[in-house]
Amino acid sequence: SEDQWRHLTTRSGWLEREFAGAPSLEGFLFSDTYRFAIGIDANTAARHLVSRFLDVWNQECLAAGKLWGTPLEVVTLASLVEAETSIEEERAVIAGVFRNRLRRGMLLQCDPTVVYALKRRGEWQGRLLRVHWTVDDPYNTYRSPGLPPGPINSPGRASLRAAASPAATPYLFFVAKPGGGHAFSTTLAEHNRAVARLRAARSRYLGVHRPRRGVHAEVADGGRRSDPDLLARKRL
């Protein structure tokens, strides 16, 4: 049942010692195709998912060599990559952007972490607004420095690989394109120009497509993505 799964996700003790400090099993229940016997209990099924995660993790660690951070940090970054893009060639670049921001002490300002924070607080209403960037929650990377305390989803193999070996890139910013993918920038000024171009393109798009109820525009500042940027990632 859903309640059983919620209870099981708190059992971080199932993880190996290298993931000490993980707040839950969030991020470690590997998404894959499984064949289970009818009637299998949730506890046994969850252990299979964790075991599969550890198999994939060990394979990707072996391929990556020396990691840039702790295993928990790498998996947490992988979950951010998983949430930001489904485009294969972008994963390592986005991981590289977040690594650059971490090295410079910049806030990650990752929208999906705010959504996760709101969901775990029972405050998510299906729409991300600027006011939510101020929510006092350790998972809110618009307010809390560094990575969140743990993963915000269960990253797949491609995102784990990207997070273990981020691309060497000069980029510090990215913004979602209306048709999918992202525009990457090295400076705030360049980023703001990209936001302006994409906002204009989005306006033209909405001129020939009926907008969804409640869609509105907000001005982006400080390199942050605004409401329309989040909606663009969902491909209006």
# chains A, B, ... in the order shown; residues from 1 in each chain; ligands from 1

call {"tool": "residues_around", "arguments": {"residues": "range 14-21 of chain A", "least_positions_apart": "6", "cutoff": "10 Å", "atoms": "only C-alpha atoms", "output": "NGL selection string"}}
result
:A and (8 or 28 or 46-47 or 50-51 or 53-54 or 70-73 or 75 or 149-150)

call {"tool": "closest_atom_pairs", "arguments": {"of": "range 144-170 of chain A", "to": "range 124-138 of chain A", "cutoff": "9 Å", "atoms": "only C-alpha atoms", "output": "CSV"}}
result
residue,atom,partner,partner_atom,distance
A:Ser144,CA,A:Pro138,CA,5.8
A:Pro145,CA,A:Pro138,CA,8.7
A:Pro148,CA,A:Pro138,CA,6.3
A:Pro149,CA,A:Pro138,CA,6.8

call {"tool": "write_last_selection", "arguments": {"atoms": "N, CA, C and O atoms", "output": "mmCIF file, in the first residue's frame"}}
result
data_model
loop_
_atom_site.group_PDB
_atom_site.id
_atom_site.type_symbol
_atom_site.label_atom_id
_atom_site.label_comp_id
_atom_site.auth_asym_id
_atom_site.auth_seq_id
_atom_site.Cartn_x
_atom_site.Cartn_y
_atom_site.Cartn_z
ATOM 1 N N SER A 144 18.721 27.802 0.955
ATOM 2 C CA SER A 144 19.752 27.029 1.649
ATOM 3 C C SER A 144 20.956 26.815 0.737
ATOM 4 O O SER A 144 20.796 26.342 -0.399
ATOM 5 N N PRO A 145 22.161 27.131 1.190
ATOM 6 C CA PRO A 145 23.356 26.947 0.354
ATOM 7 C C PRO A 145 23.708 25.473 0.182
ATOM 8 O O PRO A 145 23.327 24.632 0.997
ATOM 9 N N PRO A 148 20.884 19.899 -1.347
ATOM 10 C CA PRO A 148 19.878 19.536 -0.348
ATOM 11 C C PRO A 148 20.417 18.420 0.554
ATOM 12 O O PRO A 148 21.434 17.798 0.234
ATOM 13 N N PRO A 149 19.748 18.131 1.675
ATOM 14 C CA PRO A 149 20.212 17.084 2.589
ATOM 15 C C PRO A 149 20.279 15.693 1.949
ATOM 16 O O PRO A 149 21.040 14.831 2.403
#

call {"tool": "select_by_dssp", "arguments": {"residues": "range 7-192 of chain A", "states": "strand (DSSP E)", "output": "JSON, numbers by chain"}}
result
{"A": [173, 174, 175, 176, 182, 183, 184, 185]}

call {"tool": "write_last_selection", "arguments": {"atoms": "C-alpha atoms", "output": "PDB file, in the first residue's frame"}}
result
ATOM      1  CA  PHE A 173      23.218  29.471 -15.655  1.00  0.00           C
ATOM      2  CA  PHE A 174      20.587  27.754 -17.747  1.00  0.00           C
ATOM      3  CA  VAL A 175      16.979  28.434 -18.669  1.00  0.00           C
ATOM      4  CA  ALA A 176      14.367  26.127 -20.171  1.00  0.00           C
ATOM      5  CA  HIS A 182      17.929  24.559 -22.178  1.00  0.00           C
ATOM      6  CA  ALA A 183      19.935  27.639 -23.099  1.00  0.00           C
ATOM      7  CA  PHE A 184      23.221  27.808 -21.160  1.00  0.00           C
ATOM      8  CA  SER A 185      25.111  30.967 -20.174  1.00  0.00           C
TER       9      SER A 185
END

call {"tool": "closest_residue", "arguments": {"among": "A:Arg202, A:Arg99, A:His191, A:Arg35", "to": "Val74 in chain A", "atoms": "only C-alpha atoms"}}
result
A:Arg99

call {"tool": "closest_residue", "arguments": {"among": "A:Leu102, A:Ile87, A:Val195, A:Leu107", "to": "Ala158 in chain A", "atoms": "only C-alpha atoms"}}
result
A:Ile87

call {"tool": "residues_around", "arguments": {"residues": "Phe36 in chain A", "least_positions_apart": "2", "cutoff": "12 Å", "atoms": "only C-alpha atoms", "output": "count of residues only"}}
result
12

call {"tool": "atom_distance", "arguments": {"atom1": "CA of Arg104 in chain A", "atom2": "CA of Asn192 in chain A"}}
result
19.5 Å

call {"tool": "residues_around", "arguments": {"residues": "Ala117 in chain A", "least_positions_apart": "3", "cutoff": "9 Å", "atoms": "only C-alpha atoms", "output": "PyMOL selection string"}}
result
chain A and resi 112-114+120-124+135+137-140+152

call {"tool": "write_last_selection", "arguments": {"atoms": "all heavy atoms", "output": "compact mmCIF listing (two decimals), in the first residue's frame"}}
result
# COMPACT_ATOMS: atom_id res chain seq x y z
N PRO A 112 13.13 22.37 -8.98
CA PRO A 112 12.57 21.12 -8.48
C PRO A 112 12.82 20.89 -6.98
O PRO A 112 12.04 20.19 -6.33
CB PRO A 112 13.29 20.05 -9.32
CG PRO A 112 13.58 20.75 -10.61
CD PRO A 112 13.95 22.15 -10.20
N THR A 113 13.88 21.48 -6.42
CA THR A 113 14.10 21.32 -4.99
C THR A 113 13.05 22.08 -4.19
O THR A 113 12.65 21.65 -3.09
CB THR A 113 15.50 21.81 -4.55
OG1 THR A 113 15.61 23.23 -4.77
CG2 THR A 113 16.60 21.10 -5.32
N VAL A 114 12.57 23.19 -4.74
CA VAL A 114 11.53 23.96 -4.06
C VAL A 114 10.21 23.18 -4.11
O VAL A 114 9.48 23.11 -3.12
CB VAL A 114 11.35 25.35 -4.71
CG1 VAL A 114 10.37 26.19 -3.90
CG2 VAL A 114 12.68 26.06 -4.85
N ARG A 120 6.88 17.92 0.59
CA ARG A 120 7.12 17.24 1.85
C ARG A 120 6.49 18.00 3.02
O ARG A 120 6.26 17.42 4.08
CB ARG A 120 8.61 17.01 2.06
CG ARG A 120 9.42 18.17 2.58
CD ARG A 120 10.92 17.90 2.51
NE ARG A 120 11.65 18.78 3.40
CZ ARG A 120 12.17 18.40 4.56
NH1 ARG A 120 12.03 17.16 4.96
NH2 ARG A 120 12.82 19.26 5.33
N ARG A 121 6.20 19.28 2.82
CA ARG A 121 5.54 20.08 3.84
C ARG A 121 4.01 20.05 3.69
O ARG A 121 3.29 20.67 4.48
CB ARG A 121 6.02 21.53 3.75
CG ARG A 121 7.49 21.72 4.05
CD ARG A 121 8.03 23.03 3.50
NE ARG A 121 7.43 24.18 4.13
CZ ARG A 121 7.95 24.80 5.20
NH1 ARG A 121 9.08 24.36 5.73
NH2 ARG A 121 7.36 25.85 5.74
N GLY A 122 3.54 19.38 2.62
CA GLY A 122 2.12 19.34 2.34
C GLY A 122 1.56 20.65 1.83
O GLY A 122 0.36 20.93 1.97
N GLU A 123 2.43 21.48 1.19
CA GLU A 123 2.01 22.80 0.76
C GLU A 123 2.00 22.96 -0.76
O GLU A 123 1.73 24.05 -1.27
CB GLU A 123 2.95 23.86 1.37
CG GLU A 123 2.93 23.88 2.90
CD GLU A 123 3.98 24.81 3.49
OE1 GLU A 123 4.65 25.53 2.72
OE2 GLU A 123 4.14 24.80 4.73
N TRP A 124 2.30 21.90 -1.49
CA TRP A 124 2.36 22.00 -2.95
C TRP A 124 0.94 22.04 -3.52
O TRP A 124 0.11 21.18 -3.21
CB TRP A 124 3.12 20.83 -3.54
CG TRP A 124 3.13 20.76 -5.04
CD1 TRP A 124 2.61 19.77 -5.83
CD2 TRP A 124 3.71 21.71 -5.94
NE1 TRP A 124 2.82 20.05 -7.15
CE2 TRP A 124 3.51 21.24 -7.26
CE3 TRP A 124 4.39 22.92 -5.76
CZ2 TRP A 124 3.94 21.92 -8.38
CZ3 TRP A 124 4.83 23.60 -6.89
CH2 TRP A 124 4.61 23.09 -8.18
N VAL A 135 10.64 29.95 1.06
CA VAL A 135 10.23 28.94 2.04
C VAL A 135 11.43 28.47 2.86
O VAL A 135 12.48 28.12 2.30
CB VAL A 135 9.57 27.73 1.33
CG1 VAL A 135 9.37 26.57 2.29
CG2 VAL A 135 8.25 28.15 0.72
N ASP A 137 13.14 25.93 4.29
CA ASP A 137 13.22 24.47 4.25
C ASP A 137 14.62 24.10 3.75
O ASP A 137 15.11 24.71 2.81
CB ASP A 137 12.16 23.90 3.31
CG ASP A 137 12.03 22.39 3.42
OD1 ASP A 137 12.89 21.67 2.86
OD2 ASP A 137 11.08 21.92 4.08
N PRO A 138 15.26 23.11 4.36
CA PRO A 138 16.63 22.75 3.95
C PRO A 138 16.73 22.26 2.51
O PRO A 138 17.81 22.27 1.93
CB PRO A 138 17.02 21.65 4.95
CG PRO A 138 15.73 21.11 5.46
CD PRO A 138 14.80 22.29 5.49
N TYR A 139 15.60 21.85 1.92
CA TYR A 139 15.61 21.40 0.53
C TYR A 139 15.44 22.55 -0.46
O TYR A 139 15.57 22.35 -1.66
CB TYR A 139 14.53 20.35 0.30
CG TYR A 139 14.90 18.98 0.81
CD1 TYR A 139 14.66 18.62 2.13
CD2 TYR A 139 15.52 18.05 -0.02
CE1 TYR A 139 15.01 17.37 2.61
CE2 TYR A 139 15.89 16.79 0.45
CZ TYR A 139 15.62 16.47 1.77
OH TYR A 139 15.98 15.23 2.24
N ASN A 140 15.14 23.74 0.03
CA ASN A 140 14.96 24.89 -0.85
C ASN A 140 16.30 25.50 -1.19
O ASN A 140 16.90 26.23 -0.40
CB ASN A 140 14.06 25.93 -0.16
CG ASN A 140 13.87 27.18 -1.00
OD1 ASN A 140 14.31 27.24 -2.16
ND2 ASN A 140 13.22 28.17 -0.42
N ILE A 152 16.10 14.19 -4.21
CA ILE A 152 14.71 14.63 -4.29
C ILE A 152 13.88 13.69 -5.18
O ILE A 152 12.68 13.91 -5.37
CB ILE A 152 14.60 16.07 -4.81
CG1 ILE A 152 15.18 16.18 -6.23
CG2 ILE A 152 15.31 17.02 -3.86
CD1 ILE A 152 14.93 17.53 -6.89
